[in-house]
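structure04.cif (mmCIF, C-alpha atoms (C1' of nucleotides))
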```cif
data_start
loop_
_atom_site.label_atom_id
_atom_site.label_comp_id
_atom_site.auth_asym_id
_atom_site.auth_seq_id
_atom_site.Cartn_x
_atom_site.Cartn_y
_atom_site.Cartn_z
CA MET A 83 5.51 -4.16 -7.56
CA ARG A 84 4.06 -2.22 -4.70
CA LEU A 85 4.13 1.56 -4.68
CA THR A 86 3.73 3.02 -1.22
CA THR A 87 5.18 5.75 0.93
CA LYS A 88 7.89 3.41 2.13
CA GLY A 89 9.41 3.28 -1.31
CA ARG A 90 9.28 7.05 -1.49
CA TYR A 91 11.15 7.35 1.79
CA ALA A 92 13.83 5.10 0.39
CA VAL A 93 14.11 7.03 -2.86
CA THR A 94 14.29 10.30 -0.96
CA ALA A 95 17.09 9.01 1.22
CA MET A 96 19.03 7.60 -1.71
CA LEU A 97 18.63 10.84 -3.57
CA ASP A 98 19.96 12.74 -0.58
CA LEU A 99 22.89 10.37 -0.54
CA ALA A 100 23.52 10.95 -4.22
CA LEU A 101 23.39 14.71 -3.79
CA HIS A 102 26.04 14.64 -1.08
CA SER A 103 28.22 11.83 -2.27
CA ASP A 104 31.03 14.13 -3.35
CA LYS A 105 32.47 14.67 0.13
CA GLY A 106 32.85 11.13 1.38
CA PRO A 107 30.36 8.98 3.29
CA VAL A 108 27.06 10.49 4.38
CA SER A 109 25.76 9.69 7.84
CA LEU A 110 22.18 8.68 8.45
CA ALA A 111 22.02 11.38 11.10
CA ASP A 112 22.53 14.01 8.40
CA ILE A 113 19.93 12.47 6.13
CA SER A 114 17.58 12.31 9.07
CA VAL A 115 17.91 16.04 9.70
CA ARG A 116 17.73 17.08 6.07
CA GLN A 117 14.84 14.85 5.04
CA GLY A 118 12.91 14.70 8.29
CA ILE A 119 12.98 10.91 8.50
CA SER A 120 13.64 9.24 11.83
CA LEU A 121 17.11 7.80 12.29
CA SER A 122 15.95 4.34 13.28
CA TYR A 123 13.66 4.10 10.33
CA LEU A 124 16.53 5.06 8.07
CA GLU A 125 18.63 2.37 9.66
CA GLN A 126 15.99 -0.19 8.76
CA LEU A 127 15.71 1.05 5.22
CA PHE A 128 19.46 1.09 4.73
CA ALA A 129 19.77 -2.42 6.09
CA ARG A 130 17.68 -3.50 3.11
CA LEU A 131 19.50 -1.22 0.71
CA ARG A 132 22.78 -2.69 1.85
CA GLN A 133 21.53 -6.25 1.48
CA PHE A 134 20.58 -5.38 -2.06
CA LYS A 135 24.05 -3.97 -2.60
CA LEU A 136 22.84 -0.54 -3.50
CA VAL A 137 24.96 1.10 -0.79
CA LYS A 138 28.02 0.27 1.22
CA SER A 139 28.75 1.37 4.75
CA VAL A 140 31.78 2.88 6.45
CA ARG A 141 31.84 2.57 10.20
CA GLY A 142 33.34 4.82 12.78
CA PRO A 143 33.61 8.60 13.00
CA GLY A 144 33.40 10.29 9.64
CA GLY A 145 31.69 7.17 8.37
CA GLY A 146 28.30 6.74 6.80
CA TYR A 147 26.94 5.35 3.59
CA GLN A 148 28.09 5.52 0.01
CA LEU A 149 26.43 4.45 -3.16
CA MET A 150 27.66 1.24 -4.69
CA GLY A 151 28.44 2.26 -8.20
CA SER A 152 27.54 5.48 -9.93
CA THR A 153 24.27 7.36 -9.73
CA ALA A 154 23.64 6.43 -13.35
CA ASP A 155 23.61 2.74 -12.46
CA ILE A 156 21.03 2.88 -9.69
CA SER A 157 17.41 3.08 -10.73
CA VAL A 158 14.34 4.12 -8.81
CA ALA A 159 12.97 0.62 -9.39
CA GLN A 160 15.92 -0.98 -7.63
CA VAL A 161 15.46 1.23 -4.61
CA VAL A 162 11.75 0.60 -4.37
CA ASP A 163 12.24 -3.13 -4.78
CA ALA A 164 14.87 -3.24 -2.06
CA VAL A 165 12.53 -1.97 0.62
CA SER A 166 9.26 -3.31 -0.71
CA GLU A 167 9.22 -6.77 0.78
CA SER A 168 8.88 -7.93 -2.81
CA LEU A 169 6.90 -10.98 -3.52
CA ASP A 170 3.40 -11.12 -2.32
CA ALA A 171 3.03 -8.99 -5.40
CA THR A 172 0.59 -11.42 -6.92
CA ARG A 173 -0.37 -13.03 -3.62
CA CYS A 174 0.46 -16.50 -4.83
CA GLU A 175 4.22 -16.40 -4.52
CA GLY A 176 4.71 -17.03 -8.19
CA LYS A 177 2.94 -20.36 -8.00
CA GLY A 178 -0.31 -19.12 -9.38
CA ASN A 179 -2.43 -20.74 -6.69
CA CYS A 180 -3.90 -17.48 -5.44
CA HIS A 181 -7.48 -18.61 -5.45
CA GLU A 182 -8.20 -22.13 -4.31
CA GLY A 183 -5.51 -23.72 -6.38
CA GLU A 184 -6.33 -21.77 -9.49
CA VAL A 185 -4.78 -18.77 -11.05
CA CYS A 186 -6.80 -15.74 -10.11
CA LEU A 187 -8.36 -13.63 -12.78
CA THR A 188 -5.91 -10.80 -12.63
CA HIS A 189 -2.83 -12.89 -12.00
CA HIS A 190 -1.26 -12.52 -15.43
CA LEU A 191 -2.69 -9.08 -15.72
CA TRP A 192 -1.02 -7.80 -12.62
CA GLU A 193 2.20 -9.54 -13.38
CA ASN A 194 2.14 -7.78 -16.70
CA LEU A 195 1.29 -4.41 -15.28
CA SER A 196 3.92 -4.70 -12.57
CA GLU A 197 6.46 -5.58 -15.17
CA GLN A 198 5.71 -2.52 -17.24
CA ILE A 199 5.70 -0.12 -14.33
CA HIS A 200 8.89 -1.72 -13.19
CA ARG A 201 10.42 -1.20 -16.60
CA PHE A 202 9.36 2.41 -16.50
CA LEU A 203 10.97 3.04 -13.12
CA SER A 204 14.05 1.10 -14.19
CA GLU A 205 14.73 3.70 -16.79
CA ILE A 206 14.93 6.50 -14.25
CA SER A 207 18.32 6.62 -12.54
CA LEU A 208 19.43 8.61 -9.53
CA ALA A 209 21.61 10.56 -11.95
CA ASP A 210 18.49 11.62 -13.83
CA LEU A 211 16.94 12.87 -10.62
CA VAL A 212 20.05 14.66 -9.45
CA ALA A 213 20.14 16.51 -12.75
CA ARG A 214 16.71 18.00 -12.23
CA LYS A 215 16.59 21.70 -11.47
CA ASP A 216 13.72 21.52 -9.04
CA ILE A 217 15.53 18.93 -6.96
CA ARG A 218 18.80 20.86 -6.90
CA ALA A 219 16.92 23.92 -5.69
CA VAL A 220 15.25 22.14 -2.81
CA SER A 221 18.52 20.49 -1.94
CA GLU A 222 20.28 23.82 -1.56
CA LEU A 223 17.75 24.97 1.02
CA GLN A 224 18.14 21.77 2.93
CA ASN A 225 21.91 22.15 3.05
CA LEU A 226 21.51 25.55 4.63
CA ARG A 227 19.25 24.22 7.27
CA LEU A 228 21.57 21.37 8.17
CA ARG A 229 24.54 23.68 8.51
CA SER A 230 22.65 26.09 10.68
CA SER A 231 21.37 23.37 12.97
CA GLN A 232 24.89 22.02 13.29
CA SER A 233 26.32 25.37 14.31
CA HIS A 234 23.50 25.47 16.81
CA ALA A 235 24.96 22.41 18.35
CA ASP A 236 28.36 24.10 18.47
CA HIS A 237 26.99 26.86 20.61
CA ILE A 238 26.82 29.86 18.38
CA VAL A 239 23.17 30.58 18.17
CA VAL A 240 21.88 31.14 14.70
CA SER A 241 18.39 31.61 13.47
CA GLU A 242 18.67 32.55 9.87
CA ILE A 243 15.62 30.72 8.67
CA ASN A 244 13.11 33.09 10.22
CA MET F 229 -1.08 7.11 -7.11
CA ARG F 230 -0.85 4.21 -4.73
CA LEU F 231 -0.56 0.67 -6.04
CA THR F 232 -1.60 -1.93 -3.50
CA THR F 233 -3.62 -5.11 -3.31
CA LYS F 234 -6.75 -3.10 -2.69
CA GLY F 235 -6.63 -1.70 -6.18
CA ARG F 236 -6.11 -5.17 -7.55
CA TYR F 237 -9.20 -6.42 -5.76
CA ALA F 238 -11.19 -3.63 -7.32
CA VAL F 239 -9.84 -4.30 -10.80
CA THR F 240 -10.53 -8.00 -10.41
CA ALA F 241 -14.11 -7.31 -9.40
CA MET F 242 -14.69 -4.85 -12.21
CA LEU F 243 -13.24 -7.28 -14.68
CA ASP F 244 -15.58 -9.98 -13.41
CA LEU F 245 -18.41 -7.53 -13.86
CA ALA F 246 -17.32 -6.78 -17.40
CA LEU F 247 -17.08 -10.46 -18.25
CA HIS F 248 -20.64 -11.11 -17.11
CA SER F 249 -22.32 -7.89 -18.10
CA ASP F 250 -24.19 -9.46 -20.99
CA LYS F 251 -26.94 -11.04 -18.90
CA GLY F 252 -28.18 -8.15 -16.82
CA PRO F 253 -26.93 -6.96 -13.43
CA VAL F 254 -24.29 -8.99 -11.61
CA SER F 255 -24.71 -9.53 -7.88
CA LEU F 256 -21.84 -9.08 -5.48
CA ALA F 257 -22.61 -12.53 -4.12
CA ASP F 258 -21.68 -14.03 -7.47
CA ILE F 259 -18.49 -12.02 -7.72
CA SER F 260 -17.67 -13.05 -4.18
CA VAL F 261 -17.91 -16.73 -5.07
CA ARG F 262 -16.08 -16.47 -8.36
CA GLN F 263 -13.26 -14.25 -7.20
CA GLY F 264 -12.94 -15.35 -3.60
CA ILE F 265 -13.42 -11.88 -2.17
CA SER F 266 -15.60 -11.40 0.87
CA LEU F 267 -19.04 -9.96 0.22
CA SER F 268 -18.76 -7.15 2.73
CA TYR F 269 -15.43 -6.10 1.37
CA LEU F 270 -16.91 -6.00 -2.09
CA GLU F 271 -19.71 -3.85 -0.76
CA GLN F 272 -17.20 -1.34 0.50
CA LEU F 273 -15.29 -1.32 -2.76
CA PHE F 274 -18.45 -0.90 -4.81
CA ALA F 275 -19.63 1.94 -2.64
CA ARG F 276 -16.53 3.81 -3.84
CA LEU F 277 -16.93 2.62 -7.41
CA ARG F 278 -20.49 3.87 -7.39
CA GLN F 279 -19.50 7.25 -5.95
CA PHE F 280 -17.03 7.56 -8.79
CA LYS F 281 -19.78 6.69 -11.23
CA LEU F 282 -18.02 3.66 -12.62
CA VAL F 283 -20.96 1.40 -11.83
CA LYS F 284 -24.66 1.73 -11.20
CA SER F 285 -26.74 -0.46 -8.93
CA VAL F 286 -30.07 -2.22 -9.29
CA ARG F 287 -31.72 -3.20 -6.06
CA GLY F 288 -33.98 -6.09 -5.29
CA PRO F 289 -33.99 -9.68 -6.51
CA GLY F 290 -32.25 -10.13 -9.83
CA GLY F 291 -30.46 -6.88 -9.11
CA GLY F 292 -26.78 -6.21 -8.84
CA TYR F 293 -24.27 -3.91 -10.46
CA GLN F 294 -23.74 -2.78 -14.02
CA LEU F 295 -20.96 -0.82 -15.57
CA MET F 296 -21.66 2.82 -16.30
CA GLY F 297 -20.72 3.09 -19.93
CA SER F 298 -18.89 0.62 -22.06
CA THR F 299 -15.88 -1.45 -21.09
CA ALA F 300 -13.80 0.57 -23.51
CA ASP F 301 -14.48 3.74 -21.54
CA ILE F 302 -13.37 2.45 -18.14
CA SER F 303 -9.66 2.34 -17.48
CA VAL F 304 -7.67 0.48 -14.88
CA ALA F 305 -6.49 3.83 -13.57
CA GLN F 306 -10.04 4.97 -12.88
CA VAL F 307 -10.77 1.83 -10.91
CA VAL F 308 -7.60 2.05 -8.86
CA ASP F 309 -8.19 5.72 -8.16
CA ALA F 310 -11.74 5.10 -7.01
CA VAL F 311 -10.71 2.81 -4.17
CA SER F 312 -7.30 4.24 -3.40
CA GLU F 313 -8.22 7.02 -1.00
CA SER F 314 -6.40 9.25 -3.49
CA LEU F 315 -4.60 12.22 -2.22
CA ASP F 316 -2.07 11.73 0.44
CA ALA F 317 -0.10 10.75 -2.62
CA THR F 318 2.50 13.35 -1.89
CA ARG F 319 1.74 13.63 1.83
CA CYS F 320 1.33 17.37 1.68
CA GLU F 321 -2.16 17.54 0.24
CA GLY F 322 -0.99 19.39 -2.81
CA LYS F 323 0.25 22.31 -0.75
CA GLY F 324 3.87 21.29 -0.84
CA ASN F 325 4.41 21.71 2.88
CA CYS F 326 5.43 18.11 3.47
CA HIS F 327 8.54 18.87 5.43
CA GLU F 328 8.43 21.73 7.88
CA GLY F 329 6.83 24.15 5.51
CA GLU F 330 9.11 23.29 2.63
CA VAL F 331 8.63 21.12 -0.37
CA CYS F 332 10.23 17.77 0.27
CA LEU F 333 12.96 16.57 -2.00
CA THR F 334 10.92 14.05 -3.91
CA HIS F 335 7.73 16.06 -4.04
CA HIS F 336 7.84 16.99 -7.69
CA LEU F 337 9.51 13.74 -8.49
CA TRP F 338 6.75 11.63 -7.07
CA GLU F 339 4.08 13.81 -8.55
CA ASN F 340 5.73 13.27 -11.88
CA LEU F 341 6.12 9.54 -11.48
CA SER F 342 2.55 9.14 -10.32
CA GLU F 343 1.38 11.06 -13.29
CA GLN F 344 3.23 8.83 -15.72
CA ILE F 345 2.13 5.57 -14.14
CA HIS F 346 -1.35 6.97 -14.10
CA ARG F 347 -1.15 7.76 -17.76
CA PHE F 348 0.04 4.26 -18.46
CA LEU F 349 -2.86 2.66 -16.59
CA SER F 350 -5.28 5.09 -18.18
CA GLU F 351 -4.53 3.59 -21.53
CA ILE F 352 -5.62 0.13 -20.46
CA SER F 353 -9.38 -0.29 -20.57
CA LEU F 354 -11.53 -3.10 -19.25
CA ALA F 355 -12.26 -3.93 -22.88
CA ASP F 356 -8.55 -4.53 -23.42
CA LEU F 357 -8.47 -6.92 -20.50
CA VAL F 358 -11.62 -8.75 -21.49
CA ALA F 359 -10.10 -9.35 -24.91
CA ARG F 360 -7.11 -11.19 -23.47
CA LYS F 361 -7.03 -14.91 -24.04
CA ASP F 362 -5.54 -15.81 -20.67
CA ILE F 363 -8.29 -13.94 -18.89
CA ARG F 364 -11.08 -15.51 -20.91
CA ALA F 365 -9.67 -18.94 -20.13
CA VAL F 366 -9.58 -18.37 -16.38
CA SER F 367 -13.02 -16.86 -16.53
CA GLU F 368 -14.49 -19.98 -18.09
CA LEU F 369 -13.26 -22.14 -15.25
CA GLN F 370 -14.71 -19.74 -12.74
CA ASN F 371 -18.10 -19.84 -14.40
CA LEU F 372 -18.14 -23.59 -14.10
CA ARG F 373 -17.36 -23.45 -10.43
CA LEU F 374 -20.08 -20.93 -9.73
CA ARG F 375 -22.68 -22.98 -11.57
CA SER F 376 -21.75 -26.17 -9.77
CA SER F 377 -21.81 -24.51 -6.37
CA GLN F 378 -25.22 -23.04 -7.17
CA SER F 379 -26.82 -26.34 -8.13
CA HIS F 380 -25.41 -27.74 -4.94
CA ALA F 381 -27.12 -24.99 -3.03
CA ASP F 382 -30.50 -25.91 -4.51
CA HIS F 383 -31.23 -28.77 -2.38
CA ILE F 384 -28.39 -31.01 -1.59
CA VAL F 385 -26.95 -29.83 1.66
CA VAL F 386 -23.42 -28.91 1.05
CA SER F 387 -20.27 -29.36 2.94
CA GLU F 388 -17.71 -29.44 0.25
CA ILE F 389 -15.54 -26.76 1.68
CA ASN F 390 -14.17 -28.90 4.47
"C1'" DG J 229 39.43 5.37 25.57
"C1'" DA J 230 35.98 8.31 24.17
"C1'" DA J 231 33.26 9.86 20.56
"C1'" DT J 232 31.16 8.69 16.19
"C1'" DA J 233 29.11 6.11 13.43
"C1'" DC J 234 26.94 1.63 11.85
"C1'" DC J 235 24.36 -2.52 13.27
"C1'" DT J 236 20.81 -5.41 15.57
"C1'" DG J 237 16.63 -6.77 17.70
"C1'" DA J 238 12.68 -5.99 20.25
"C1'" DG J 239 8.82 -3.46 21.07
"C1'" DT J 240 4.95 -0.20 19.74
"C1'" DA J 241 1.48 3.29 18.12
"C1'" DA J 242 -1.04 4.49 14.25
"C1'" DA J 243 -2.80 3.55 9.91
"C1'" DA J 244 -4.35 0.62 6.18
"C1'" DT J 245 -6.23 -3.73 4.81
"C1'" DA J 246 -9.56 -7.14 4.71
"C1'" DC J 247 -12.71 -8.60 6.69
"C1'" DT J 248 -17.44 -9.73 10.19
"C1'" DC J 249 -21.85 -8.55 11.91
"C1'" DG J 250 -26.29 -6.65 12.23
"C1'" DG J 251 -29.54 -4.48 10.34
"C1'" DA J 252 -32.21 -1.25 7.09
"C1'" DA J 253 -34.20 -0.06 2.45
"C1'" DT J 254 -35.68 -1.55 -2.13
"C1'" DT J 255 -37.96 -4.50 -5.25
"C1'" DA J 256 -39.22 -8.75 -8.02
"C1'" DG J 257 -42.02 -12.79 -7.92
"C1'" DG J 258 -45.35 -15.86 -5.57
"C1'" DC O 35 -49.12 -8.56 0.80
"C1'" DC O 36 -45.12 -11.59 1.84
"C1'" DT O 37 -40.89 -13.25 1.22
"C1'" DA O 38 -36.55 -13.54 -0.54
"C1'" DA O 39 -32.86 -11.32 -2.89
"C1'" DT O 40 -30.35 -7.80 -3.24
"C1'" DT O 41 -28.12 -3.21 -2.42
"C1'" DC O 42 -26.98 -0.04 1.30
"C1'" DC O 43 -25.08 1.53 5.77
"C1'" DG O 44 -22.47 1.81 10.03
"C1'" DA O 45 -20.03 -0.17 13.55
"C1'" DG O 46 -16.60 -3.22 15.06
"C1'" DT O 47 -12.24 -6.12 14.58
"C1'" DA O 48 -8.19 -8.94 13.45
"C1'" DT O 49 -4.10 -8.71 10.81
"C1'" DT O 50 -0.56 -6.50 8.47
"C1'" DT O 51 2.15 -2.64 7.24
"C1'" DT O 52 4.21 1.62 8.36
"C1'" DA O 53 7.00 4.47 10.91
"C1'" DC O 54 8.97 4.91 14.78
"C1'" DT O 55 11.36 4.35 19.87
"C1'" DC O 56 14.56 2.19 22.81
"C1'" DA O 57 18.40 -0.24 24.34
"C1'" DG O 58 22.05 -1.91 23.50
"C1'" DG O 59 26.18 -3.84 20.63
"C1'" DT O 60 30.31 -3.34 17.28
"C1'" DA O 61 33.77 -1.12 14.47
"C1'" DT O 62 36.74 2.84 13.73
"C1'" DT O 63 38.94 7.17 14.23
"C1'" DC O 64 41.19 10.64 16.97
#
```
I need this file expressed as structure tokens, please.
Amino acid sequence: MRLTTKGRYAVTAMLDLALHSDKGPVSLADISVRQGISLSYLEQLFARLRQFKLVKSVRGPGGGYQLMGSTADISVAQVVDAVSESLDATRCEGKGNCHEGEVCLTHHLWENLSEQIHRFLSEISLADLVARKDIRAVSELQNLRLRSSQSHADHIVVSEIN
Amino acid sequence: MRLTTKGRYAVTAMLDLALHSDKGPVSLADISVRQGISLSYLEQLFARLRQFKLVKSVRGPGGGYQLMGSTADISVAQVVDAVSESLDATRCEGKGNCHEGEVCLTHHLWENLSEQIHRFLSEISLADLVARKDIRAVSELQNLRLRSSQSHADHIVVSEIN
DNA sequence: GAATACCTGAGTAAAATACTCGGAATTAGG
DNA sequence: CCTAATTCCGAGTATTTTACTCAGGTATTC
């Protein structure tokens, strides 16, 4: 299991999705604005998330993405795994021939460690995250900003954030 | 906390060091042969490990590296931290201004997660790893290979790698 | 049929990874 | 003192990953 910024981007996006899942599909454009992640990058991430059946898509106007299943059923580990290109985790593709045909010293070790970290992240669901106060608070601010930037687009000039 | 292959290289090297610490300093050249990691790369890793006071060096012939303190006092977390360029962990350098002056959605979340994974890896010492049967077994094989490649080097001109 | 979205693939700049190379400083052993 | 073994140091470099841009295509709603 690899833990990099890419996984965090994915978790952030999925969390945003979870926070706005009440009013139908959420477009990547919205997530892009709220979370400051480029649209194309989101498209790449969601391609993986869709392949892993963590989200489903609705095309056309008013479309976007929805979570497959409830927030309680999707774990941080699943999200990270989906985008993390998985299995050079131990560099020997499970065959144990990492070092000139032999198992490298830390092969079992890292397998073991990965497994435990994985288990840890498996026990944290999107529902757990959504329930957190700190996250709800930040989310509220972000909703304000999205709405104001949208009304911008509709002509009425607003600048309520300064 | 970032978990990549770089950290695994460092842990592997430190574990090798721990396994051979009984007979004086261990040279990077030996570790390089046993673990299949390039010498120069090891030098870079050990520069960090030395800065973090996890190892001390002995120069000159017969020199090498030794662990600072006992294997029980050095944790996997310390080793990973030493080489992991630490703190863009949350991308906002602790200030919480990751996203246009605001705290990003997963800021606290990731801080929290990092902390817990860190705690987990802190509780695994090199002594724990050295005690593992699987690791001792692999280590024995590696010792054999090093010895045979050394006796080769004394004299008989070698081309066994083709 | 036009606008809104997803979808796809190719390309790309910047960073991180995993090295190479060349040399300097230190020190043990002859 | 000389030589070899070693750590140290800095620069350079190839490959991969990350994070993104661009240019279109496809499905769907209004």
Matched chain/residue IDs from the PyMOL selection byres ((chain O and resi 53) around 12), as a list in words: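 In the shown coordinates, the PyMOL selection byres ((chain O and resi 53) around 12) covers Thr87, Lys88, Tyr91, Ile119, Ser120, Leu121, Ser122, Tyr123, Leu124, Glu125, Gln126 and Leu127 of chain A; DT240, DA241, DA242 and DA243 of chain J; DT51, DT52, DC54 and DT55 of chain O.
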Once you count all atoms listed in the file, what closest atom pair and distance in Å to one decimal does each residue of chain F within 6 Å of chain J have, with rows by chain and rising residue number, as JSON lines?
```
{"residue": "F:Arg287", "atom": "CA", "partner": "J:DT254", "partner_atom": "C1'", "distance": 5.8}
{"residue": "F:Gly288", "atom": "CA", "partner": "J:DT255", "partner_atom": "C1'", "distance": 4.3}
{"residue": "F:Pro289", "atom": "CA", "partner": "J:DA256", "partner_atom": "C1'", "distance": 5.5}
```
For the contact check between chain A and chain F, emit one row per residue of chain A within 6 Å, containing the shortest atom pair and the distance in Å rounded to one decimal, counting all atoms listed in the file, chain then rising number order, as a tab-separated table.
```
residue	atom	partner	partner_atom	distance
A:Arg84	CA	F:Leu231	CA	5.6
A:Leu85	CA	F:Leu231	CA	5.0
A:Thr86	CA	F:Arg230	CA	5.9
A:Thr94	CA	F:Thr334	CA	5.8
A:Thr188	CA	F:Thr240	CA	5.8
```
task = With a distance threshold of 6 Å and counting all atoms listed in the file, extract the residues of chain O near chain A and express them as a PyMOL selection string.
result = chain O and resi 61-63
Preceding selection exported with C-alpha atoms (C1' of nucleotides) as a PDB file, in the coordinates of the input:
```pdb
ATOM      1  C1'  DA O  61      33.770  -1.120  14.470  1.00  0.00           C
ATOM      2  C1'  DT O  62      36.740   2.840  13.730  1.00  0.00           C
ATOM      3  C1'  DT O  63      38.940   7.170  14.230  1.00  0.00           C
TER       4       DT O  63
END
```
May I have the protein, DNA and RNA residues with any atom at most 10 Å from the point (-17.0, -5.0, -13.7), counting all atoms listed in the file, written as a PDB file with C-alpha atoms, keeping the file's coordinate frame?
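Saved file result_21.pdb follows:
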```pdb
ATOM      1  CA  ALA F 238     -11.190  -3.630  -7.320  1.00  0.00           C
ATOM      2  CA  VAL F 239      -9.840  -4.300 -10.800  1.00  0.00           C
ATOM      3  CA  THR F 240     -10.530  -8.000 -10.410  1.00  0.00           C
ATOM      4  CA  ALA F 241     -14.110  -7.310  -9.400  1.00  0.00           C
ATOM      5  CA  MET F 242     -14.690  -4.850 -12.210  1.00  0.00           C
ATOM      6  CA  LEU F 243     -13.240  -7.280 -14.680  1.00  0.00           C
ATOM      7  CA  ASP F 244     -15.580  -9.980 -13.410  1.00  0.00           C
ATOM      8  CA  LEU F 245     -18.410  -7.530 -13.860  1.00  0.00           C
ATOM      9  CA  ALA F 246     -17.320  -6.780 -17.400  1.00  0.00           C
ATOM     10  CA  LEU F 247     -17.080 -10.460 -18.250  1.00  0.00           C
ATOM     11  CA  HIS F 248     -20.640 -11.110 -17.110  1.00  0.00           C
ATOM     12  CA  SER F 249     -22.320  -7.890 -18.100  1.00  0.00           C
ATOM     13  CA  VAL F 254     -24.290  -8.990 -11.610  1.00  0.00           C
ATOM     14  CA  ILE F 259     -18.490 -12.020  -7.720  1.00  0.00           C
ATOM     15  CA  PHE F 274     -18.450  -0.900  -4.810  1.00  0.00           C
ATOM     16  CA  LEU F 277     -16.930   2.620  -7.410  1.00  0.00           C
ATOM     17  CA  LEU F 282     -18.020   3.660 -12.620  1.00  0.00           C
ATOM     18  CA  VAL F 283     -20.960   1.400 -11.830  1.00  0.00           C
ATOM     19  CA  TYR F 293     -24.270  -3.910 -10.460  1.00  0.00           C
ATOM     20  CA  GLN F 294     -23.740  -2.780 -14.020  1.00  0.00           C
ATOM     21  CA  LEU F 295     -20.960  -0.820 -15.570  1.00  0.00           C
ATOM     22  CA  MET F 296     -21.660   2.820 -16.300  1.00  0.00           C
ATOM     23  CA  THR F 299     -15.880  -1.450 -21.090  1.00  0.00           C
ATOM     24  CA  ILE F 302     -13.370   2.450 -18.140  1.00  0.00           C
ATOM     25  CA  VAL F 307     -10.770   1.830 -10.910  1.00  0.00           C
ATOM     26  CA  LEU F 354     -11.530  -3.100 -19.250  1.00  0.00           C
TER      27      LEU F 354
END
```
Pairwise distance for atom CA of Ser109 of chain A and atom CA of Asn340 of chain F, rounded to one decimal in Å:
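These two atoms are separated by 28.3 Å.
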Atom CA of Glu313 of chain F to atom CA of Ala355 of chain F, straight-line distance in Å: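 According to the coordinates, atom CA of Ala355 of chain F and atom CA of Glu313 of chain F are separated by 24.8 Å.
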In Å, with one decimal, what is the gap from atom CA of Gln133 of chain A to atom CA of Pro107 of chain A?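 Here the two named atoms are 17.7 Å from each other.
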